[in-house]
>>> print(open('structure-v2.tsv').read())   # TSV, C-alpha atoms
chain	number	residue	atom	x	y	z
A	503	MET	CA	-4.01	-26.41	-23.46
A	504	MET	CA	-0.21	-26.41	-23.21
A	505	ALA	CA	-0.01	-23.49	-25.65
A	506	VAL	CA	-2.35	-21.43	-23.44
A	507	ALA	CA	-0.36	-22.34	-20.33
A	508	GLY	CA	2.88	-21.42	-22.10
A	509	ALA	CA	1.50	-18.07	-23.25
A	510	TRP	CA	0.39	-17.22	-19.71
A	511	ALA	CA	3.79	-18.25	-18.36
A	512	LYS	CA	5.58	-16.00	-20.84
A	513	GLY	CA	3.33	-13.10	-19.93
A	514	PHE	CA	4.02	-13.72	-16.26
A	515	TRP	CA	7.80	-13.75	-16.64
A	516	ARG	CA	7.80	-10.63	-18.82
A	517	ASP	CA	6.13	-8.68	-16.00
A	518	ARG	CA	9.17	-8.41	-13.71
A	519	ALA	CA	7.39	-6.31	-11.11
A	520	GLY	CA	4.53	-8.82	-10.99
A	521	VAL	CA	7.00	-11.70	-10.56
A	522	ILE	CA	8.69	-9.94	-7.66
A	523	LEU	CA	5.39	-9.09	-5.95
A	524	THR	CA	4.05	-12.62	-6.43
A	525	LEU	CA	7.12	-14.50	-5.21
A	526	LEU	CA	8.66	-12.07	-2.70
A	527	LEU	CA	5.66	-10.76	-0.79
A	528	PRO	CA	4.35	-14.08	0.67
A	529	PRO	CA	7.60	-14.90	2.53
A	530	LEU	CA	7.88	-11.25	3.57
A	531	VAL	CA	4.36	-11.36	5.01
A	532	TYR	CA	5.30	-14.54	6.90
A	533	LEU	CA	8.39	-12.92	8.42
A	534	LEU	CA	6.47	-9.82	9.46
A	535	PHE	CA	3.61	-11.80	11.00
A	536	ALA	CA	6.05	-14.04	12.86
A	537	ALA	CA	7.78	-10.97	14.30
A	538	ILE	CA	4.52	-9.21	15.19
A	539	PHE	CA	2.69	-12.13	16.80
A	540	GLY	CA	5.56	-14.38	17.83
A	541	ALA	CA	6.04	-12.78	21.22
A	542	GLY	CA	2.35	-13.08	22.08
A	543	ALA	CA	2.32	-16.77	21.14
A	544	ARG	CA	5.33	-17.41	23.41
A	545	GLY	CA	3.73	-15.47	26.24
A	546	ASP	CA	6.33	-12.69	26.09
A	547	ILE	CA	3.78	-9.88	26.16
A	548	ASP	CA	5.17	-6.34	26.41
A	549	THR	CA	2.53	-5.18	28.86
A	550	THR	CA	2.31	-1.45	29.54
A	551	VAL	CA	1.66	-1.00	33.25
A	552	VAL	CA	0.63	1.91	35.44
A	553	LEU	CA	1.35	1.81	39.20
A	554	HIS	CA	-0.21	3.69	42.11
A	555	ASP	CA	1.12	3.48	45.65
A	556	ALA	CA	-1.71	4.13	48.11
A	557	SER	CA	0.52	3.51	51.15
A	558	ARG	CA	3.74	5.46	50.47
A	559	THR	CA	5.82	3.84	53.15
A	560	PRO	CA	9.47	2.72	53.08
A	561	ALA	CA	8.25	-0.86	52.54
A	562	THR	CA	6.14	0.11	49.51
A	563	ALA	CA	9.02	2.18	48.13
A	564	ALA	CA	11.05	-1.03	48.02
A	565	ILE	CA	8.15	-2.74	46.23
A	566	ARG	CA	8.00	0.07	43.66
A	567	GLU	CA	11.71	-0.25	43.01
A	568	ALA	CA	11.47	-4.02	42.57
A	569	VAL	CA	8.50	-3.71	40.18
A	570	SER	CA	10.31	-0.99	38.24
A	571	LYS	CA	13.38	-3.19	37.77
A	572	ASP	CA	11.21	-6.10	36.62
A	573	ILE	CA	9.00	-4.20	34.17
A	574	GLY	CA	11.43	-1.49	33.07
A	575	ASP	CA	10.42	1.38	30.79
A	576	ARG	CA	6.89	0.01	30.33
A	577	LEU	CA	6.01	1.03	33.92
A	578	ARG	CA	4.54	4.45	34.69
A	579	VAL	CA	4.02	5.57	38.31
A	580	VAL	CA	1.11	7.94	39.03
A	581	ASP	CA	0.30	9.65	42.33
A	582	ASP	CA	-3.42	10.17	41.70
A	583	ARG	CA	-5.88	7.28	42.01
A	584	GLU	CA	-8.26	8.80	39.47
A	585	ALA	CA	-5.45	9.06	36.92
A	586	PHE	CA	-4.60	5.43	37.67
A	587	ASP	CA	-8.15	4.23	36.96
A	588	ARG	CA	-8.44	6.40	33.86
A	589	ALA	CA	-5.22	5.05	32.36
A	590	VAL	CA	-6.49	1.47	32.70
A	591	ILE	CA	-10.01	2.21	31.42
A	592	ASP	CA	-8.79	4.32	28.47
A	593	GLY	CA	-6.35	1.62	27.36
A	594	ARG	CA	-3.24	3.79	27.78
A	595	ALA	CA	-2.10	1.05	30.16
A	596	ASP	CA	-2.81	-2.65	29.61
A	597	ALA	CA	-3.05	-3.22	33.36
A	598	GLY	CA	-2.48	-1.39	36.64
A	599	ILE	CA	-0.80	-2.30	39.91
A	600	LEU	CA	-2.28	-0.83	43.08
A	601	ILE	CA	-0.27	-1.14	46.30
A	602	ARG	CA	-2.78	-1.17	49.12
A	603	PRO	CA	-1.95	-0.70	52.81
A	604	SER	CA	-2.68	-3.59	55.13
A	605	THR	CA	-3.32	-3.41	58.85
A	606	GLN	CA	-1.99	-6.94	59.22
A	607	GLY	CA	1.09	-8.08	57.36
A	608	PRO	CA	2.81	-6.57	54.32
A	609	PRO	CA	1.13	-4.31	51.75
A	610	LYS	CA	-1.18	-5.95	49.23
A	611	LEU	CA	-0.64	-5.97	45.47
A	612	VAL	CA	-3.82	-5.69	43.39
A	613	ILE	CA	-3.93	-5.83	39.57
A	614	PHE	CA	-6.55	-3.74	37.81
A	615	SER	CA	-7.57	-4.37	34.20
A	616	ALA	CA	-10.32	-3.34	31.82
A	617	ALA	CA	-12.68	-5.77	30.12
A	618	GLY	CA	-10.94	-7.68	27.37
A	619	ARG	CA	-7.46	-7.28	28.91
A	620	ASP	CA	-7.55	-10.57	30.83
A	621	VAL	CA	-4.45	-11.85	29.04
A	622	ALA	CA	-2.42	-8.84	30.12
A	623	ALA	CA	-3.69	-9.11	33.70
A	624	SER	CA	-2.88	-12.82	33.89
A	625	ALA	CA	0.62	-12.28	32.51
A	626	LEU	CA	1.26	-9.50	35.04
A	627	GLN	CA	-0.16	-11.62	37.87
A	628	ALA	CA	2.29	-14.43	37.05
A	629	ARG	CA	5.20	-11.96	37.23
A	630	LEU	CA	4.11	-10.49	40.56
A	631	GLU	CA	3.27	-13.73	42.38
A	632	PRO	CA	6.92	-14.50	43.38
A	633	MET	CA	7.26	-10.95	44.72
A	634	ALA	CA	4.03	-11.27	46.73
A	635	ALA	CA	5.15	-14.62	48.11
A	636	ALA	CA	8.47	-13.12	49.18
A	637	LEU	CA	6.67	-10.25	50.92
A	638	SER	CA	4.57	-12.72	52.88
A	639	GLY	CA	7.63	-14.76	53.83
A	640	GLN	CA	6.57	-17.84	51.89
A	641	VAL	CA	8.62	-19.51	49.19
A	642	ALA	CA	5.82	-21.75	47.95
A	643	ARG	CA	2.35	-20.20	47.95
A	644	PRO	CA	-0.71	-22.45	48.44
A	645	ALA	CA	-2.99	-19.91	46.71
A	646	PRO	CA	-2.59	-16.82	44.58
A	647	ARG	CA	-1.65	-13.75	46.64
A	648	VAL	CA	-2.05	-11.14	43.91
A	649	GLN	CA	-5.68	-10.16	43.50
A	650	THR	CA	-7.11	-9.09	40.13
A	651	LEU	CA	-10.01	-6.68	39.71
A	652	GLN	CA	-11.80	-5.44	36.59
A	653	ILE	CA	-12.83	-1.80	36.25
A	654	GLY	CA	-14.57	0.25	33.59
A	655	PRO	CA	-17.46	-0.76	31.32
A	656	GLN	CA	-18.71	-4.31	31.62
A	657	GLY	CA	-19.93	-6.53	28.82
A	658	ASP	CA	-18.71	-8.29	25.72
A	659	VAL	CA	-15.71	-6.09	24.91
A	660	GLN	CA	-14.36	-8.63	22.42
A	661	ALA	CA	-17.50	-8.39	20.28
A	662	THR	CA	-17.32	-4.59	20.38
A	663	TYR	CA	-13.62	-4.54	19.59
A	664	TYR	CA	-13.78	-6.94	16.66
A	665	ALA	CA	-16.86	-5.25	15.19
A	666	GLY	CA	-14.66	-2.22	14.57
A	667	ALA	CA	-11.48	-4.13	13.80
A	668	VAL	CA	-13.02	-6.54	11.27
A	669	SER	CA	-15.07	-3.84	9.57
A	670	VAL	CA	-11.97	-1.70	9.00
A	671	MET	CA	-10.02	-4.60	7.51
A	672	PHE	CA	-12.74	-5.59	5.06
A	673	VAL	CA	-13.47	-1.99	4.07
A	674	PHE	CA	-9.86	-1.78	2.91
A	675	PHE	CA	-10.08	-5.14	1.12
A	676	ALA	CA	-13.24	-4.03	-0.71
A	677	ALA	CA	-11.74	-0.65	-1.62
A	678	MET	CA	-8.60	-2.23	-3.06
A	679	HIS	CA	-10.64	-4.70	-5.08
A	680	GLY	CA	-13.02	-2.03	-6.34
A	681	ALA	CA	-10.22	0.38	-7.27
A	682	MET	CA	-8.71	-2.20	-9.62
A	683	GLY	CA	-11.62	-1.56	-11.98
A	684	GLY	CA	-9.76	1.60	-12.91
A	685	LEU	CA	-6.94	-0.53	-14.31
A	686	ASP	CA	-9.37	-2.18	-16.72
A	687	GLU	CA	-10.73	1.21	-17.77
A	688	ARG	CA	-7.20	2.49	-18.33
A	689	ARG	CA	-6.17	-0.56	-20.37
A	690	SER	CA	-9.27	-0.41	-22.58
A	691	GLY	CA	-8.88	3.31	-23.23
A	692	LEU	CA	-12.21	4.14	-21.59
A	693	GLN	CA	-10.51	6.29	-18.93
A	694	SER	CA	-8.88	8.51	-21.59
A	695	ARG	CA	-12.16	8.98	-23.43
A	696	LEU	CA	-14.00	9.83	-20.20
A	697	ALA	CA	-11.28	12.30	-19.25
A	698	LEU	CA	-11.68	14.10	-22.56
A	699	ALA	CA	-15.47	14.16	-22.30
A	700	ARG	CA	-15.78	15.05	-18.61
A	701	GLY	CA	-13.09	17.68	-18.11
A	702	GLY	CA	-10.08	15.72	-16.96
A	703	LEU	CA	-9.22	12.99	-14.49
A	704	GLY	CA	-10.43	14.86	-11.40
A	705	PRO	CA	-14.16	14.09	-11.77
A	706	ILE	CA	-13.40	10.46	-12.72
A	707	LEU	CA	-11.23	9.81	-9.66
A	708	GLY	CA	-13.63	11.78	-7.47
A	709	GLY	CA	-16.55	9.65	-8.62
A	710	ARG	CA	-14.61	6.47	-7.91
A	711	ALA	CA	-13.72	7.78	-4.44
A	712	VAL	CA	-17.37	8.60	-3.69
A	713	TRP	CA	-18.53	5.13	-4.73
A	714	LEU	CA	-15.77	3.30	-2.81
A	715	THR	CA	-16.49	5.42	0.28
A	716	ALA	CA	-20.21	4.59	0.06
A	717	VAL	CA	-19.44	0.87	-0.24
A	718	GLY	CA	-17.17	1.10	2.81
A	719	VAL	CA	-19.84	2.80	4.92
A	720	ILE	CA	-22.44	0.19	3.90
A	721	GLN	CA	-19.97	-2.58	4.71
A	722	SER	CA	-19.26	-1.13	8.17
A	723	ALA	CA	-22.97	-0.76	8.83
A	724	ALA	CA	-23.53	-4.42	7.92
A	725	VAL	CA	-20.86	-5.55	10.41
A	726	PHE	CA	-22.27	-3.44	13.26
A	727	VAL	CA	-25.82	-4.58	12.53
A	728	ALA	CA	-24.61	-8.19	12.83
A	729	ALA	CA	-22.91	-7.32	16.13
A	730	TRP	CA	-25.77	-5.17	17.44
A	731	VAL	CA	-27.00	-7.62	20.10
A	732	LYS	CA	-23.48	-7.79	21.59
A	733	LEU	CA	-22.93	-4.01	21.65
A	734	PRO	CA	-23.72	-1.84	24.69
A	735	ASP	CA	-26.77	0.42	24.61
A	736	LEU	CA	-25.85	3.36	22.40
A	737	ALA	CA	-27.01	6.95	22.76
A	738	PRO	CA	-27.87	8.90	19.58
A	739	TRP	CA	-24.59	10.84	19.74
A	740	GLN	CA	-22.64	7.56	19.92
A	741	MET	CA	-24.35	6.23	16.79
A	742	ALA	CA	-23.66	9.52	15.00
A	743	ALA	CA	-19.99	9.45	16.03
A	744	ALA	CA	-19.67	5.82	14.95
A	745	ALA	CA	-21.24	6.69	11.57
A	746	MET	CA	-18.76	9.55	11.18
A	747	THR	CA	-15.93	7.15	11.96
A	748	ALA	CA	-17.22	4.71	9.34
A	749	LEU	CA	-17.34	7.55	6.80
A	750	ALA	CA	-13.74	8.52	7.61
A	751	VAL	CA	-12.63	4.89	7.29
A	752	GLY	CA	-14.37	4.50	3.93
A	753	PHE	CA	-12.84	7.70	2.52
A	754	CYS	CA	-9.38	6.77	3.81
A	755	ALA	CA	-9.60	3.31	2.23
A	756	ALA	CA	-10.83	4.78	-1.05
A	757	GLY	CA	-8.00	7.31	-1.30
A	758	LEU	CA	-5.26	4.83	-0.46
A	759	ALA	CA	-6.72	2.20	-2.82
A	760	LEU	CA	-6.84	4.63	-5.73
A	761	ALA	CA	-3.25	5.71	-5.04
A	762	LEU	CA	-1.94	2.14	-4.96
A	763	THR	CA	-3.73	1.04	-8.10
A	764	ALA	CA	-2.63	4.20	-9.91
A	765	ALA	CA	0.97	3.21	-9.16
A	766	CYS	CA	0.50	-0.20	-10.83
A	767	ARG	CA	0.53	-0.99	-14.55
A	768	SER	CA	-1.64	-4.11	-14.41
A	769	ARG	CA	-3.87	-6.26	-12.23
A	770	GLU	CA	-0.99	-8.75	-11.94
A	771	GLN	CA	0.98	-6.08	-10.09
A	772	ALA	CA	-1.95	-4.60	-8.17
A	773	GLN	CA	-3.40	-7.80	-6.72
A	774	PRO	CA	-0.39	-8.99	-4.69
A	775	LEU	CA	0.63	-5.44	-3.75
A	776	THR	CA	-2.77	-4.39	-2.44
A	777	THR	CA	-3.22	-7.70	-0.59
A	778	PHE	CA	0.18	-7.24	1.06
A	779	VAL	CA	-0.60	-3.66	2.08
A	780	VAL	CA	-4.03	-4.53	3.49
A	781	LEU	CA	-2.68	-7.49	5.49
A	782	LEU	CA	0.25	-5.47	6.81
A	783	LEU	CA	-1.95	-2.54	7.87
A	784	ALA	CA	-4.45	-4.93	9.47
A	785	ALA	CA	-1.74	-6.76	11.40
A	786	LEU	CA	0.04	-3.63	12.63
A	787	GLY	CA	-3.17	-1.74	13.30
A	788	GLY	CA	-4.82	-4.36	15.50
A	789	SER	CA	-7.49	-5.74	13.16
A	790	MET	CA	-6.17	-9.30	13.50
A	791	ALA	CA	-5.22	-9.27	17.19
A	792	PRO	CA	-5.23	-6.59	19.90
A	793	ARG	CA	-2.13	-4.45	19.74
A	794	PHE	CA	-1.19	-4.99	23.39
A	795	LEU	CA	-0.29	-8.57	22.47
A	796	MET	CA	2.43	-7.29	20.14
A	797	PRO	CA	6.01	-6.32	20.99
A	798	GLU	CA	6.31	-2.67	22.02
A	799	ALA	CA	8.09	-1.63	18.81
A	800	PHE	CA	5.24	-2.93	16.63
A	801	ARG	CA	2.67	-1.46	19.00
A	802	ASN	CA	4.14	2.01	18.55
A	803	LEU	CA	4.51	1.42	14.82
A	804	GLY	CA	0.80	0.65	14.61
A	805	TRP	CA	-0.06	4.34	14.99
A	806	ILE	CA	1.10	4.96	11.42
A	807	THR	CA	-1.82	2.82	10.21
A	808	PRO	CA	-5.39	4.11	9.81
A	809	HIS	CA	-6.60	0.86	11.38
A	810	ALA	CA	-5.22	1.72	14.83
A	811	TRP	CA	-6.84	5.17	14.75
A	812	ALA	CA	-10.16	3.78	13.53
A	813	ILE	CA	-10.28	1.04	16.16
A	814	GLU	CA	-9.40	3.52	18.91
A	815	ALA	CA	-12.17	5.85	17.73
A	816	TYR	CA	-14.73	3.03	17.68
A	817	GLN	CA	-13.65	1.86	21.14
A	818	ALA	CA	-13.92	5.37	22.56
A	819	VAL	CA	-17.37	6.23	21.24
A	820	ILE	CA	-19.02	2.78	21.35
A	821	TRP	CA	-17.43	0.95	24.29
A	822	ARG	CA	-16.29	3.70	26.65
A	823	GLY	CA	-18.95	6.23	25.65
A	824	GLU	CA	-16.44	9.07	25.41
A	825	PHE	CA	-15.94	11.77	22.81
A	826	THR	CA	-12.33	12.83	23.29
A	827	SER	CA	-9.65	14.65	21.32
A	828	THR	CA	-8.37	11.23	20.24
A	829	VAL	CA	-11.58	10.65	18.28
A	830	ILE	CA	-11.21	13.98	16.48
A	831	ALA	CA	-7.54	13.21	15.81
A	832	ALA	CA	-8.51	9.83	14.36
A	833	TRP	CA	-11.00	11.47	12.00
A	834	ALA	CA	-8.39	14.02	10.94
A	835	VAL	CA	-5.73	11.37	10.32
A	836	MET	CA	-8.03	9.20	8.21
A	837	ALA	CA	-9.44	12.15	6.25
A	838	GLY	CA	-5.91	13.39	5.61
A	839	LEU	CA	-4.75	9.98	4.37
A	840	GLY	CA	-7.77	9.69	2.09
A	841	ALA	CA	-7.29	13.15	0.62
A	842	GLY	CA	-3.55	12.57	0.23
A	843	GLY	CA	-4.13	9.25	-1.51
A	844	LEU	CA	-6.64	10.83	-3.87
A	845	GLY	CA	-4.13	13.57	-4.70
A	846	VAL	CA	-1.36	11.04	-5.36
A	847	ALA	CA	-3.68	8.99	-7.59
A	848	ARG	CA	-4.55	12.07	-9.66
A	849	MET	CA	-0.87	13.02	-10.03
A	850	LEU	CA	0.17	9.53	-11.13
A	851	GLU	CA	-2.68	9.16	-13.59
A	852	ARG	CA	-1.97	12.57	-15.13
A	853	ARG	CA	1.69	11.69	-15.56
A	854	ARG	CA	0.81	8.41	-17.22
A	855	ALA	CA	-1.72	10.09	-19.53
A	856	ALA	CA	0.87	12.71	-20.56
A	857	ARG	CA	3.35	10.09	-21.78
>>> encode(input="structure-v2.tsv", output="structure tokens")
Amino acid sequence: MMAVAGAWAKGFWRDRAGVILTLLLPPLVYLLFAAIFGAGARGDIDTTVVLHDASRTPATAAIREAVSKDIGDRLRVVDDREAFDRAVIDGRADAGILIRPSTQGPPKLVIFSAAGRDVAASALQARLEPMAAALSGQVARPAPRVQTLQIGPQGDVQATYYAGAVSVMFVFFAAMHGAMGGLDERRSGLQSRLALARGGLGPILGGRAVWLTAVGVIQSAAVFVAAWVKLPDLAPWQMAAAAMTALAVGFCAAGLALALTAACRSREQAQPLTTFVVLLLAALGGSMAPRFLMPEAFRNLGWITPHAWAIEAYQAVIWRGEFTSTVIAAWAVMAGLGAGGLGVARMLERRRAAR
């Protein structure tokens, strides 16, 4: 027993890259997660806000200036009420502030939010309450003076959101796990024999990509079937667009998984690396928690992940019932990442085979 343990220990220490990935990545994941979610846990939410002044009086101009100083660069002022509502419903703003005229007393502040953005609306309400109390001439308010209203689609937005978010995360986990089978084929020599018999590495990697994509689509379908009773009523075009999104997610995961495993020499290297990448992409992309809970820097950084694009596409076609340019852009981004990953995997495998 001790001899076996000693042999495994020697093998572990000889694999320097595996040692680094095993011992360095866990604390790095902790530091990244603490930075990404720490602000939300403390209540320091970087809420993006849109403001519309329906009164446009000298008094409301002073309110706009005070709100702008308090919120800073995360505030955007719009002159059109329709643009105000659209920004909140589309998610480009986490919440909206409407300054309404009042025939009696000072102007009224009303917070607008979409379903599922209650945290952002509550945080903004707490920041505006002292301002509303000052406008009314009261230092201590007996009741809340800032009203909150919800606009846009109604229903269980959390179930809809996490159906897309969770499916994306586990599609990537499954793709990374499945792609590691190629490491076993490479180590046993089966990959080289197949390449000689089947005309090179292209058909082999293509076949792996097709299978991993199919598994990803099936996995996404299973998640949405489980969430079906919580989803809004879907038109045929919405189901088709959601299926296309699932296909893009599966292909993207397959290409990136094949590229990562092609860069590794062994399972000992691939397992911690792929786990780290999947967790990092899921955290930045919003699969673990909505991105509006993150600091602004991480929220913007999330757009480099396929997860953020996939979740936005699912939200647009399933929840909001909209087919916009953002959906097409999401498909293009994910297809491009999948194709790029497949190309990188082929290049790395050909280099290794030529040695």
>>> closest_residue(input="structure-v2.tsv", among="A:Met836, A:Ala818, A:Ala597, A:Ala556", to="Ala617 of chain A", atoms="only C-alpha atoms")
A:Ala597
>>> residues_around(input="structure-v2.tsv", residues="Arg594 of chain A", least_positions_apart="3", cutoff="9 Å", atoms="all atoms listed in the file", output="PyMOL selection string")
chain A and resi 550-552+588-591+597
>>> residues_around(input="structure-v2.tsv", residues="segment 706-722 of chain A", least_positions_apart="4", cutoff="6 Å", atoms="only C-alpha atoms", output="list in words")
Ser669, Val673, Ala677, Ala748, Leu749, Gly752, Phe753 and Ala756 of chain A
>>> closest_residue(input="structure-v2.tsv", among="A:Ser615, A:Met741, A:Pro609, A:Ala661", to="Phe825 of chain A", atoms="only C-alpha atoms")
A:Met741
>>> residues_around(input="structure-v2.tsv", residues="Gly845 of chain A", least_positions_apart="3", cutoff="12 Å", atoms="only C-alpha atoms", output="list in words")
Leu703, Gly704, Leu707, Gly708, Ala711, Ala756, Gly757, Leu758, Ala759, Leu760, Ala761, Leu762, Ala764, Gly838, Leu839, Gly840, Ala841, Gly842, Arg848, Met849, Leu850, Glu851 and Arg852 of chain A
>>> closest_residue(input="structure-v2.tsv", among="A:Lys571, A:Arg688, A:Thr776, A:Ala831", to="Arg854 of chain A", atoms="all atoms listed in the file")
A:Arg688
>>> closest_residue(input="structure-v2.tsv", among="A:Gly598, A:Pro738, A:Pro632, A:Pro797", to="Asp620 of chain A", atoms="all atoms listed in the file")
A:Gly598
>>> closest_residue(input="structure-v2.tsv", among="A:Ala832, A:Ser570, A:Ala564, A:Ala723", to="Trp805 of chain A", atoms="all atoms listed in the file")
A:Ala832
>>> atom_distance(input="structure-v2.tsv", atom1="atom CA of Val731 of chain A", atom2="atom CA of Ala616 of chain A")
20.8 Å
>>> residues_around(input="structure-v2.tsv", residues="Ala812 of chain A", least_positions_apart="3", cutoff="9 Å", atoms="all atoms listed in the file", output="PyMOL selection string")
chain A and resi 666-667+670+747-748+750-751+787+808-809+815-817+829+832-833+836
>>> write_last_selection(input="structure-v2.tsv", atoms="C-alpha atoms", output="compact mmCIF listing (two decimals), in the coordinates of the input")
# COMPACT_ATOMS: atom_id res chain seq x y z
CA GLY A 666 -14.66 -2.22 14.57
CA ALA A 667 -11.48 -4.13 13.80
CA VAL A 670 -11.97 -1.70 9.00
CA THR A 747 -15.93 7.15 11.96
CA ALA A 748 -17.22 4.71 9.34
CA ALA A 750 -13.74 8.52 7.61
CA VAL A 751 -12.63 4.89 7.29
CA GLY A 787 -3.17 -1.74 13.30
CA PRO A 808 -5.39 4.11 9.81
CA HIS A 809 -6.60 0.86 11.38
CA ALA A 815 -12.17 5.85 17.73
CA TYR A 816 -14.73 3.03 17.68
CA GLN A 817 -13.65 1.86 21.14
CA VAL A 829 -11.58 10.65 18.28
CA ALA A 832 -8.51 9.83 14.36
CA TRP A 833 -11.00 11.47 12.00
CA MET A 836 -8.03 9.20 8.21
